[in-house]
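Undergrad: So here's work.csv, just CSV, N, CA and C atoms:
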```csv
chain,number,residue,atom,x,y,z
K,1,MET,N,8.9,56.8,-144.7
K,1,MET,CA,10.3,57.2,-144.6
K,1,MET,C,10.2,58.8,-144.5
K,2,ASN,N,11.0,59.3,-143.6
K,2,ASN,CA,11.0,60.8,-143.4
K,2,ASN,C,11.8,61.5,-144.6
K,3,THR,N,11.6,62.7,-144.7
K,3,THR,CA,12.2,63.5,-145.7
K,3,THR,C,13.7,63.4,-145.8
K,4,LEU,N,14.4,63.5,-144.6
K,4,LEU,CA,15.9,63.3,-144.6
K,4,LEU,C,16.3,61.9,-145.1
K,5,ALA,N,15.6,60.9,-144.7
K,5,ALA,CA,15.9,59.5,-145.1
K,5,ALA,C,15.7,59.4,-146.6
K,6,GLN,N,14.7,60.0,-147.1
K,6,GLN,CA,14.4,60.0,-148.6
K,6,GLN,C,15.5,60.7,-149.3
K,7,LEU,N,16.0,61.8,-148.8
K,7,LEU,CA,17.1,62.6,-149.5
K,7,LEU,C,18.4,61.8,-149.5
K,8,ILE,N,18.7,61.2,-148.3
K,8,ILE,CA,20.0,60.4,-148.3
K,8,ILE,C,19.9,59.2,-149.2
K,9,ARG,N,18.7,58.5,-149.2
K,9,ARG,CA,18.6,57.4,-150.1
K,9,ARG,C,18.7,57.8,-151.5
K,10,GLN,N,18.1,58.9,-151.9
K,10,GLN,CA,18.3,59.4,-153.3
K,10,GLN,C,19.8,59.7,-153.6
K,11,LEU,N,20.5,60.2,-152.7
K,11,LEU,CA,21.9,60.5,-152.9
K,11,LEU,C,22.7,59.2,-153.0
K,12,GLU,N,22.4,58.2,-152.2
K,12,GLU,CA,23.0,56.9,-152.3
K,12,GLU,C,22.8,56.3,-153.7
K,13,GLU,N,21.5,56.3,-154.1
K,13,GLU,CA,21.1,55.7,-155.4
K,13,GLU,C,21.8,56.5,-156.5
K,14,SER,N,21.9,57.8,-156.4
K,14,SER,CA,22.5,58.6,-157.5
K,14,SER,C,24.0,58.2,-157.7
K,15,LEU,N,24.7,57.9,-156.6
K,15,LEU,CA,26.1,57.5,-156.7
K,15,LEU,C,26.2,56.2,-157.5
K,16,LEU,N,25.3,55.3,-157.3
K,16,LEU,CA,25.4,54.0,-158.0
K,16,LEU,C,24.7,54.0,-159.4
K,17,HIS,N,23.7,54.8,-159.6
K,17,HIS,CA,23.0,54.8,-160.8
K,17,HIS,C,23.3,55.8,-161.9
K,18,ASN,N,23.9,56.9,-161.5
K,18,ASN,CA,24.3,57.9,-162.4
K,18,ASN,C,25.5,57.6,-163.3
K,19,ASP,N,25.5,58.1,-164.5
K,19,ASP,CA,26.6,58.0,-165.4
K,19,ASP,C,27.4,59.3,-165.2
K,20,PHE,N,28.5,59.2,-164.5
K,20,PHE,CA,29.3,60.4,-164.2
K,20,PHE,C,30.3,60.8,-165.2
K,21,SER,N,30.4,59.9,-166.3
K,21,SER,CA,31.4,60.2,-167.3
K,21,SER,C,31.1,61.5,-168.0
K,22,ALA,N,29.9,61.9,-168.1
K,22,ALA,CA,29.5,63.1,-168.8
K,22,ALA,C,29.8,64.3,-167.9
K,23,ASP,N,29.8,64.2,-166.6
K,23,ASP,CA,30.0,65.3,-165.7
K,23,ASP,C,30.7,64.8,-164.4
K,24,PRO,N,32.0,64.5,-164.5
K,24,PRO,CA,32.7,64.0,-163.4
K,24,PRO,C,32.8,65.0,-162.2
K,25,GLN,N,32.7,66.3,-162.4
K,25,GLN,CA,32.7,67.2,-161.3
K,25,GLN,C,31.6,67.1,-160.4
K,26,LEU,N,30.5,66.4,-160.8
K,26,LEU,CA,29.4,66.2,-159.9
K,26,LEU,C,29.8,65.3,-158.7
K,27,LEU,N,30.8,64.5,-158.9
K,27,LEU,CA,31.3,63.6,-157.8
K,27,LEU,C,31.9,64.5,-156.7
K,28,ASP,N,32.5,65.6,-157.1
K,28,ASP,CA,33.1,66.5,-156.0
K,28,ASP,C,32.0,67.0,-155.1
K,29,SER,N,30.8,67.2,-155.6
K,29,SER,CA,29.7,67.7,-154.7
K,29,SER,C,29.1,66.5,-153.9
K,30,LEU,N,29.3,65.3,-154.3
K,30,LEU,CA,28.8,64.1,-153.5
K,30,LEU,C,29.7,63.5,-152.5
K,31,LEU,N,31.0,63.5,-152.9
K,31,LEU,CA,32.0,62.8,-152.1
K,31,LEU,C,32.9,63.9,-151.4
K,32,ALA,N,32.9,63.9,-150.1
K,32,ALA,CA,33.7,64.9,-149.3
K,32,ALA,C,35.2,64.7,-149.7
K,33,ALA,N,35.9,65.8,-149.5
K,33,ALA,CA,37.4,65.7,-149.8
K,33,ALA,C,38.1,64.7,-149.0
K,34,GLU,N,37.6,64.5,-147.7
K,34,GLU,CA,38.3,63.5,-146.8
K,34,GLU,C,37.6,62.1,-146.9
K,35,PHE,N,36.8,61.9,-147.9
K,35,PHE,CA,36.1,60.6,-148.1
K,35,PHE,C,37.0,59.4,-148.0
K,36,GLU,N,36.6,58.3,-147.3
K,36,GLU,CA,37.3,57.0,-147.3
K,36,GLU,C,36.2,55.9,-147.5
K,37,GLU,N,36.7,54.8,-147.9
K,37,GLU,CA,35.8,53.6,-148.1
K,37,GLU,C,36.6,52.4,-147.7
K,38,ILE,N,35.8,51.4,-147.1
K,38,ILE,CA,36.3,50.1,-146.9
K,38,ILE,C,35.4,49.2,-147.8
K,39,GLY,N,36.0,48.5,-148.7
K,39,GLY,CA,35.3,47.8,-149.7
K,39,GLY,C,34.8,46.4,-149.2
K,40,PRO,N,34.1,45.7,-150.0
K,40,PRO,CA,33.5,44.4,-149.6
K,40,PRO,C,34.5,43.4,-149.2
K,41,GLY,N,35.8,43.5,-149.7
K,41,GLY,CA,36.8,42.5,-149.3
K,41,GLY,C,37.6,43.0,-148.1
K,42,GLY,N,37.2,44.1,-147.5
K,42,GLY,CA,37.9,44.6,-146.3
K,42,GLY,C,39.0,45.5,-146.6
K,43,ASN,N,39.2,45.8,-147.9
K,43,ASN,CA,40.3,46.7,-148.2
K,43,ASN,C,39.9,48.2,-148.2
K,44,LYS,N,40.9,49.0,-147.8
K,44,LYS,CA,40.7,50.5,-147.8
K,44,LYS,C,40.8,51.0,-149.2
K,45,THR,N,39.9,51.8,-149.6
K,45,THR,CA,39.9,52.3,-151.0
K,45,THR,C,39.9,53.9,-150.9
K,46,SER,N,40.8,54.5,-151.7
K,46,SER,CA,40.9,55.9,-151.6
K,46,SER,C,39.7,56.6,-152.3
K,47,ARG,N,39.6,57.9,-152.1
K,47,ARG,CA,38.6,58.7,-152.8
K,47,ARG,C,38.8,58.6,-154.3
K,48,GLN,N,40.0,58.7,-154.7
K,48,GLN,CA,40.3,58.7,-156.2
K,48,GLN,C,40.0,57.3,-156.8
K,49,GLN,N,40.3,56.2,-156.1
K,49,GLN,CA,39.9,54.9,-156.6
K,49,GLN,C,38.4,54.7,-156.7
K,50,VAL,N,37.6,55.3,-155.8
K,50,VAL,CA,36.2,55.2,-155.8
K,50,VAL,C,35.7,56.0,-157.0
K,51,ILE,N,36.3,57.2,-157.2
K,51,ILE,CA,35.9,58.1,-158.3
K,51,ILE,C,36.2,57.4,-159.6
K,52,GLU,N,37.3,56.7,-159.8
K,52,GLU,CA,37.6,56.0,-161.0
K,52,GLU,C,36.6,54.9,-161.2
K,53,TRP,N,36.2,54.2,-160.2
K,53,TRP,CA,35.2,53.1,-160.4
K,53,TRP,C,33.9,53.7,-160.8
K,54,LEU,N,33.5,54.8,-160.2
K,54,LEU,CA,32.2,55.4,-160.5
K,54,LEU,C,32.2,55.9,-162.0
K,55,LEU,N,33.4,56.4,-162.4
K,55,LEU,CA,33.4,56.9,-163.8
K,55,LEU,C,33.5,55.8,-164.8
K,56,HIS,N,33.9,54.6,-164.4
K,56,HIS,CA,34.0,53.6,-165.4
K,56,HIS,C,33.1,52.4,-165.2
K,57,LYS,N,32.2,52.5,-164.3
K,57,LYS,CA,31.2,51.4,-164.1
K,57,LYS,C,30.3,51.4,-165.3
K,58,PRO,N,29.7,50.2,-165.6
K,58,PRO,CA,28.7,50.2,-166.7
K,58,PRO,C,27.6,51.2,-166.4
K,59,ALA,N,27.2,52.0,-167.4
K,59,ALA,CA,26.2,53.1,-167.3
K,59,ALA,C,24.9,52.5,-166.9
K,60,ASP,N,24.6,51.3,-167.4
K,60,ASP,CA,23.3,50.7,-167.1
K,60,ASP,C,23.2,49.8,-165.9
K,61,ALA,N,24.2,49.8,-165.1
K,61,ALA,CA,24.2,48.9,-163.9
K,61,ALA,C,23.2,49.5,-162.9
K,62,ARG,N,22.5,48.7,-162.2
K,62,ARG,CA,21.5,49.1,-161.3
K,62,ARG,C,21.5,48.2,-160.0
K,63,TRP,N,21.2,48.8,-158.9
K,63,TRP,CA,21.1,48.0,-157.6
K,63,TRP,C,19.8,48.2,-157.0
K,64,ARG,N,19.3,47.2,-156.3
K,64,ARG,CA,18.1,47.3,-155.5
K,64,ARG,C,18.5,47.5,-154.0
K,65,PHE,N,17.9,48.5,-153.4
K,65,PHE,CA,18.1,48.8,-152.0
K,65,PHE,C,16.9,48.3,-151.2
K,66,THR,N,17.3,47.6,-150.1
K,66,THR,CA,16.2,47.2,-149.1
K,66,THR,C,16.7,47.5,-147.7
K,67,ASP,N,15.7,47.6,-146.8
K,67,ASP,CA,16.0,47.8,-145.4
K,67,ASP,C,16.7,49.1,-145.2
K,68,PHE,N,16.4,50.2,-146.0
K,68,PHE,CA,17.1,51.4,-145.9
K,68,PHE,C,16.6,52.2,-144.7
K,69,ARG,N,17.6,52.7,-143.9
K,69,ARG,CA,17.2,53.5,-142.7
K,69,ARG,C,18.4,54.4,-142.4
K,70,ILE,N,18.1,55.5,-141.7
K,70,ILE,CA,19.2,56.4,-141.2
K,70,ILE,C,19.1,56.5,-139.7
K,71,LYS,N,20.3,56.9,-139.2
K,71,LYS,CA,20.4,57.2,-137.8
K,71,LYS,C,21.2,58.5,-137.7
K,72,PRO,N,20.5,59.5,-137.2
K,72,PRO,CA,21.2,60.8,-137.0
K,72,PRO,C,22.3,60.6,-135.9
K,73,LEU,N,23.5,61.1,-136.2
K,73,LEU,CA,24.6,61.0,-135.3
K,73,LEU,C,24.8,62.4,-134.6
K,74,ALA,N,24.5,63.4,-135.3
K,74,ALA,CA,24.6,64.8,-134.9
K,74,ALA,C,23.7,65.6,-135.8
K,75,GLU,N,23.6,66.9,-135.5
K,75,GLU,CA,22.7,67.8,-136.3
K,75,GLU,C,23.1,67.7,-137.8
K,76,ASP,N,24.4,67.6,-138.1
K,76,ASP,CA,24.9,67.7,-139.4
K,76,ASP,C,25.6,66.4,-139.9
K,77,LEU,N,25.2,65.3,-139.2
K,77,LEU,CA,25.9,64.0,-139.5
K,77,LEU,C,24.9,62.9,-139.5
K,78,VAL,N,24.8,62.0,-140.5
K,78,VAL,CA,23.8,60.9,-140.6
K,78,VAL,C,24.5,59.6,-141.0
K,79,LEU,N,24.1,58.6,-140.4
K,79,LEU,CA,24.5,57.2,-140.8
K,79,LEU,C,23.4,56.6,-141.6
K,80,ALA,N,23.7,56.1,-142.8
K,80,ALA,CA,22.8,55.4,-143.6
K,80,ALA,C,23.1,53.9,-143.6
K,81,LEU,N,22.1,53.1,-143.4
K,81,LEU,CA,22.3,51.6,-143.4
K,81,LEU,C,21.3,51.0,-144.3
K,82,TYR,N,21.8,50.0,-145.1
K,82,TYR,CA,20.9,49.3,-146.1
K,82,TYR,C,21.6,48.1,-146.7
K,83,HIS,N,20.7,47.3,-147.3
K,83,HIS,CA,21.2,46.2,-148.1
K,83,HIS,C,21.1,46.5,-149.6
K,84,ALA,N,22.2,46.3,-150.3
K,84,ALA,CA,22.2,46.5,-151.8
K,84,ALA,C,22.5,45.3,-152.5
K,85,GLN,N,21.8,45.1,-153.6
K,85,GLN,CA,22.0,43.9,-154.4
K,85,GLN,C,21.9,44.3,-155.9
K,86,GLN,N,22.9,43.9,-156.7
K,86,GLN,CA,22.9,44.3,-158.1
K,86,GLN,C,21.7,43.7,-158.8
K,87,ALA,N,21.0,44.5,-159.5
K,87,ALA,CA,19.8,44.1,-160.2
K,87,ALA,C,20.1,43.8,-161.7
K,88,ASP,N,21.0,42.9,-161.9
K,88,ASP,CA,21.5,42.6,-163.3
K,88,ASP,C,21.3,41.1,-163.5
K,89,PRO,N,20.4,40.7,-164.4
K,89,PRO,CA,20.2,39.3,-164.6
K,89,PRO,C,21.5,38.6,-165.2
K,90,GLN,N,22.4,39.4,-165.8
K,90,GLN,CA,23.6,38.8,-166.4
K,90,GLN,C,24.7,38.6,-165.4
K,91,ALA,N,24.6,39.3,-164.2
K,91,ALA,CA,25.6,39.2,-163.2
K,91,ALA,C,25.5,37.9,-162.5
K,92,ARG,N,26.6,37.5,-161.9
K,92,ARG,CA,26.6,36.2,-161.2
K,92,ARG,C,25.7,36.4,-160.0
K,93,VAL,N,25.1,35.3,-159.5
K,93,VAL,CA,24.2,35.3,-158.4
K,93,VAL,C,25.0,35.8,-157.1
K,94,SER,N,24.4,36.8,-156.5
K,94,SER,CA,25.1,37.3,-155.3
K,94,SER,C,24.0,37.7,-154.3
K,95,LYS,N,24.3,37.5,-153.0
K,95,LYS,CA,23.4,37.9,-152.0
K,95,LYS,C,23.5,39.4,-151.7
K,96,GLY,N,24.4,40.1,-152.4
K,96,GLY,CA,24.5,41.5,-152.2
K,96,GLY,C,25.5,41.9,-151.1
K,97,SER,N,25.3,43.1,-150.6
K,97,SER,CA,26.2,43.6,-149.5
K,97,SER,C,25.4,44.4,-148.5
K,98,MET,N,25.8,44.4,-147.3
K,98,MET,CA,25.3,45.3,-146.3
K,98,MET,C,26.1,46.6,-146.4
K,99,ARG,N,25.5,47.7,-146.3
K,99,ARG,CA,26.2,49.0,-146.5
K,99,ARG,C,26.0,50.0,-145.4
K,100,ALA,N,27.0,50.7,-145.1
K,100,ALA,CA,26.9,51.8,-144.1
K,100,ALA,C,27.6,53.0,-144.7
K,101,SER,N,27.0,54.1,-144.6
K,101,SER,CA,27.6,55.4,-145.1
K,101,SER,C,27.4,56.5,-144.1
K,102,VAL,N,28.4,57.3,-144.0
K,102,VAL,CA,28.2,58.5,-143.1
K,102,VAL,C,28.2,59.7,-144.1
K,103,TRP,N,27.1,60.5,-143.9
K,103,TRP,CA,26.9,61.7,-144.7
K,103,TRP,C,27.0,62.9,-143.8
K,104,LYS,N,27.6,64.0,-144.3
K,104,LYS,CA,27.7,65.2,-143.5
K,104,LYS,C,27.0,66.4,-144.3
K,105,ARG,N,26.3,67.2,-143.6
K,105,ARG,CA,25.7,68.4,-144.2
K,105,ARG,C,26.8,69.4,-144.6
K,106,VAL,N,26.7,69.9,-145.8
K,106,VAL,CA,27.6,71.0,-146.2
K,106,VAL,C,27.2,72.3,-145.5
K,107,PRO,N,28.2,72.9,-144.8
K,107,PRO,CA,27.8,74.1,-144.0
K,107,PRO,C,27.2,75.2,-144.9
K,108,GLY,N,26.2,75.8,-144.4
K,108,GLY,CA,25.5,76.9,-145.1
K,108,GLY,C,24.5,76.5,-146.2
K,109,GLU,N,24.4,75.2,-146.4
K,109,GLU,CA,23.4,74.7,-147.4
K,109,GLU,C,22.5,73.7,-146.8
K,110,ALA,N,21.3,74.0,-146.6
K,110,ALA,CA,20.3,73.1,-145.8
K,110,ALA,C,20.1,71.8,-146.5
K,111,HIS,N,20.1,71.7,-147.8
K,111,HIS,CA,19.8,70.4,-148.4
K,111,HIS,C,21.0,69.8,-149.1
K,112,ALA,N,22.2,70.2,-148.8
K,112,ALA,CA,23.4,69.7,-149.5
K,112,ALA,C,24.2,68.8,-148.5
K,113,TRP,N,24.4,67.6,-148.9
K,113,TRP,CA,25.1,66.6,-148.1
K,113,TRP,C,26.2,65.9,-148.9
K,114,GLN,N,27.3,65.5,-148.2
K,114,GLN,CA,28.4,64.8,-148.9
K,114,GLN,C,28.7,63.5,-148.1
K,115,MET,N,29.0,62.5,-148.9
K,115,MET,CA,29.4,61.2,-148.2
K,115,MET,C,30.8,61.4,-147.7
K,116,LEU,N,31.0,61.0,-146.4
K,116,LEU,CA,32.3,61.1,-145.7
K,116,LEU,C,32.9,59.8,-145.6
K,117,PHE,N,32.1,58.7,-145.5
K,117,PHE,CA,32.7,57.4,-145.3
K,117,PHE,C,31.7,56.4,-145.9
K,118,HIS,N,32.2,55.3,-146.4
K,118,HIS,CA,31.3,54.2,-146.9
K,118,HIS,C,32.0,52.9,-146.6
K,119,GLN,N,31.2,51.9,-146.2
K,119,GLN,CA,31.6,50.5,-146.1
K,119,GLN,C,30.6,49.6,-146.7
K,120,ALA,N,31.1,48.6,-147.4
K,120,ALA,CA,30.2,47.5,-148.0
K,120,ALA,C,30.8,46.2,-147.5
K,121,THR,N,29.9,45.4,-147.0
K,121,THR,CA,30.3,44.1,-146.5
K,121,THR,C,29.5,43.0,-147.2
K,122,ARG,N,30.1,42.1,-148.0
K,122,ARG,CA,29.4,41.1,-148.7
K,122,ARG,C,28.6,40.2,-147.8
K,123,VAL,N,27.4,39.9,-148.3
K,123,VAL,CA,26.6,38.9,-147.5
K,123,VAL,C,27.0,37.6,-148.1
K,124,LEU,N,27.3,36.7,-147.2
K,124,LEU,CA,27.8,35.3,-147.6
K,124,LEU,C,26.6,34.3,-147.6
```
Would you write out, as structure tokens, the structure that this file holds?
TA:
Amino acid sequence: MNTLAQLIRQLEESLLHNDFSADPQLLDSLLAAEFEEIGPGGNKTSRQQVIEWLLHKPADARWRFTDFRIKPLAEDLVLALYHAQQADPQARVSKGSMRASVWKRVPGEAHAWQMLFHQATRVL
């Protein structure tokens, strides 16, 4: 996996695995101001709703990522595609979800990226 793909994967994993309750401002550096999401049920979710979920999700929740890949859309825009499945033996059995995220490079900072859009589609 190339360096940019590794960086974007680390950013994706940090959104799901970090406990942001101690430092909620960190989310402002990861989620663009114009961020939007389409959730697994097909519903549009606002940036604030996603932030609330991230702040209140169980701190020990973990997900397994498979088939992670990126597709550059422009010099400063990347599409991330992957399968995510919650790695919690207490959780109900799920086939996980296929995920797509658009990341944009923060102007003037070579290694700073923000998520602009995210969609999760449940695997049936």
Undergrad: Excluding K:Ser21 and its own-chain neighbours fewer than 3 positions away, which residues fall within 8 Å of it when counting only C-alpha atoms? Please give them as a ChimeraX atom specification.
TA: /K:24,55-56
Undergrad: Name the closest residue to K:Leu79 among the candidates K:Arg47, K:His118, K:His17, K:Lys95; distances are taken between atoms, counting only C-alpha atoms.
TA: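 Nearest candidate to K:Leu79 out of K:Arg47, K:His118, K:His17, K:Lys95: K:His118.
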Undergrad: DSSP on the backbone: what in chain K comes out alpha helix (DSSP H), as a PyMOL selection string?
TA: chain K and resi 3-17+26-30+47-56
Undergrad: Can you measure atom N of K:Arg62 to atom C of K:Gly96 for me? One decimal in Å is fine.
TA: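 Distance reported for this atom pair: 13.4 Å.
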Undergrad: Could you pull out the strand (DSSP E or B) residues of stretch 31-100 of chain K from DSSP and send them as a PyMOL selection string?
TA: chain K and resi 31-38+44-45+63-74+77-86+97-100
Undergrad: Select, from K:Leu4, K:Met98, K:Val78, K:Leu16, the residue with the minimum atom-to-atom distance to K:Leu124, counting only C-alpha atoms.
TA: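 Closest candidate: K:Met98.
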Undergrad: Using only N, CA and C atoms, which residue out of K:Ala120, K:Pro58, K:Met115, K:Asp19 lies closest to K:Phe35?
TA: K:Met115
Undergrad: Go through K:Asn2, K:Asn18, K:Thr121, K:Gln114 one by one, measure the shortest atom-to-atom distance of each to K:Ala59 using only C-alpha atoms, and give the residue with the smallest value.
TA: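 Going through K:Asn2, K:Asn18, K:Thr121, K:Gln114 one by one, the smallest distance to K:Ala59 is for K:Asn18.
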Undergrad: Nearest to K:Ala87 among K:Ala74, K:Ala32, K:Val106, K:Ala61, with distances taken over only C-alpha atoms: which residue is it?
TA: K:Ala61
Undergrad: Using all atoms listed in the file, can you tell me which of K:Gln86, K:Leu26, K:Arg122, K:Asp76 comes closest to K:Trp63?
TA: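 So, comparing all the options, the nearest one is K:Gln86.
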Undergrad: Provide stretch 3-13 of chain K rebuilt to all heavy atoms, formatted as an mmCIF file, in the coordinates of the input.
TA:
```
data_model
loop_
_atom_site.group_PDB
_atom_site.id
_atom_site.type_symbol
_atom_site.label_atom_id
_atom_site.label_comp_id
_atom_site.auth_asym_id
_atom_site.auth_seq_id
_atom_site.Cartn_x
_atom_site.Cartn_y
_atom_site.Cartn_z
ATOM 1 N N THR K 3 11.600 62.700 -144.700
ATOM 2 C CA THR K 3 12.200 63.500 -145.700
ATOM 3 C C THR K 3 13.700 63.400 -145.800
ATOM 4 O O THR K 3 14.314 63.227 -146.869
ATOM 5 C CB THR K 3 11.806 64.992 -145.619
ATOM 6 O OG1 THR K 3 10.389 65.048 -145.562
ATOM 7 C CG2 THR K 3 12.296 65.795 -146.788
ATOM 8 N N LEU K 4 14.400 63.500 -144.600
ATOM 9 C CA LEU K 4 15.900 63.300 -144.600
ATOM 10 C C LEU K 4 16.300 61.900 -145.100
ATOM 11 O O LEU K 4 17.225 61.805 -145.890
ATOM 12 C CB LEU K 4 16.429 63.639 -143.244
ATOM 13 C CG LEU K 4 17.959 63.541 -143.124
ATOM 14 C CD1 LEU K 4 18.663 64.460 -144.134
ATOM 15 C CD2 LEU K 4 18.392 63.868 -141.695
ATOM 16 N N ALA K 5 15.600 60.900 -144.700
ATOM 17 C CA ALA K 5 15.900 59.500 -145.100
ATOM 18 C C ALA K 5 15.700 59.400 -146.600
ATOM 19 O O ALA K 5 16.525 58.787 -147.298
ATOM 20 C CB ALA K 5 15.045 58.533 -144.358
ATOM 21 N N GLN K 6 14.700 60.000 -147.100
ATOM 22 C CA GLN K 6 14.400 60.000 -148.600
ATOM 23 C C GLN K 6 15.500 60.700 -149.300
ATOM 24 O O GLN K 6 16.026 60.197 -150.365
ATOM 25 C CB GLN K 6 13.082 60.620 -148.924
ATOM 26 C CG GLN K 6 11.905 59.803 -148.468
ATOM 27 C CD GLN K 6 10.594 60.570 -148.592
ATOM 28 O OE1 GLN K 6 10.553 61.798 -148.473
ATOM 29 N NE2 GLN K 6 9.510 59.832 -148.800
ATOM 30 N N LEU K 7 16.000 61.800 -148.800
ATOM 31 C CA LEU K 7 17.100 62.600 -149.500
ATOM 32 C C LEU K 7 18.400 61.800 -149.500
ATOM 33 O O LEU K 7 19.023 61.640 -150.513
ATOM 34 C CB LEU K 7 17.281 63.918 -148.762
ATOM 35 C CG LEU K 7 18.491 64.728 -149.226
ATOM 36 C CD1 LEU K 7 18.348 65.133 -150.683
ATOM 37 C CD2 LEU K 7 18.698 65.932 -148.327
ATOM 38 N N ILE K 8 18.700 61.200 -148.300
ATOM 39 C CA ILE K 8 20.000 60.400 -148.300
ATOM 40 C C ILE K 8 19.900 59.200 -149.200
ATOM 41 O O ILE K 8 20.829 58.842 -149.845
ATOM 42 C CB ILE K 8 20.265 60.037 -146.784
ATOM 43 C CG1 ILE K 8 20.479 61.301 -145.931
ATOM 44 C CG2 ILE K 8 21.445 59.094 -146.699
ATOM 45 C CD1 ILE K 8 21.655 62.172 -146.339
ATOM 46 N N ARG K 9 18.700 58.500 -149.200
ATOM 47 C CA ARG K 9 18.600 57.400 -150.100
ATOM 48 C C ARG K 9 18.700 57.800 -151.500
ATOM 49 O O ARG K 9 19.385 57.120 -152.322
ATOM 50 C CB ARG K 9 17.184 56.733 -149.885
ATOM 51 C CG ARG K 9 17.013 55.517 -150.774
ATOM 52 C CD ARG K 9 15.671 54.842 -150.585
ATOM 53 N NE ARG K 9 15.563 53.728 -151.501
ATOM 54 C CZ ARG K 9 15.070 52.554 -151.196
ATOM 55 N NH1 ARG K 9 14.614 52.316 -149.987
ATOM 56 N NH2 ARG K 9 15.007 51.593 -152.094
ATOM 57 N N GLN K 10 18.100 58.900 -151.900
ATOM 58 C CA GLN K 10 18.300 59.400 -153.300
ATOM 59 C C GLN K 10 19.800 59.700 -153.600
ATOM 60 O O GLN K 10 20.250 59.394 -154.719
ATOM 61 C CB GLN K 10 17.492 60.706 -153.517
ATOM 62 C CG GLN K 10 16.017 60.483 -153.576
ATOM 63 C CD GLN K 10 15.221 61.782 -153.553
ATOM 64 O OE1 GLN K 10 15.762 62.863 -153.321
ATOM 65 N NE2 GLN K 10 13.922 61.674 -153.778
ATOM 66 N N LEU K 11 20.500 60.200 -152.700
ATOM 67 C CA LEU K 11 21.900 60.500 -152.900
ATOM 68 C C LEU K 11 22.700 59.200 -153.000
ATOM 69 O O LEU K 11 23.576 59.065 -153.892
ATOM 70 C CB LEU K 11 22.498 61.336 -151.717
ATOM 71 C CG LEU K 11 21.992 62.772 -151.627
ATOM 72 C CD1 LEU K 11 22.411 63.412 -150.308
ATOM 73 C CD2 LEU K 11 22.459 63.578 -152.820
ATOM 74 N N GLU K 12 22.400 58.200 -152.200
ATOM 75 C CA GLU K 12 23.000 56.900 -152.300
ATOM 76 C C GLU K 12 22.800 56.300 -153.700
ATOM 77 O O GLU K 12 23.678 55.787 -154.325
ATOM 78 C CB GLU K 12 22.520 55.944 -151.198
ATOM 79 C CG GLU K 12 22.963 56.277 -149.799
ATOM 80 C CD GLU K 12 24.335 55.732 -149.432
ATOM 81 O OE1 GLU K 12 24.964 55.016 -150.231
ATOM 82 O OE2 GLU K 12 24.778 56.030 -148.307
ATOM 83 N N GLU K 13 21.500 56.300 -154.100
ATOM 84 C CA GLU K 13 21.100 55.700 -155.400
ATOM 85 C C GLU K 13 21.800 56.500 -156.500
ATOM 86 O O GLU K 13 22.212 55.883 -157.501
ATOM 87 C CB GLU K 13 19.617 55.699 -155.519
ATOM 88 C CG GLU K 13 18.962 54.680 -154.604
ATOM 89 C CD GLU K 13 17.440 54.701 -154.646
ATOM 90 O OE1 GLU K 13 16.858 55.711 -155.102
ATOM 91 O OE2 GLU K 13 16.839 53.708 -154.210
#
```
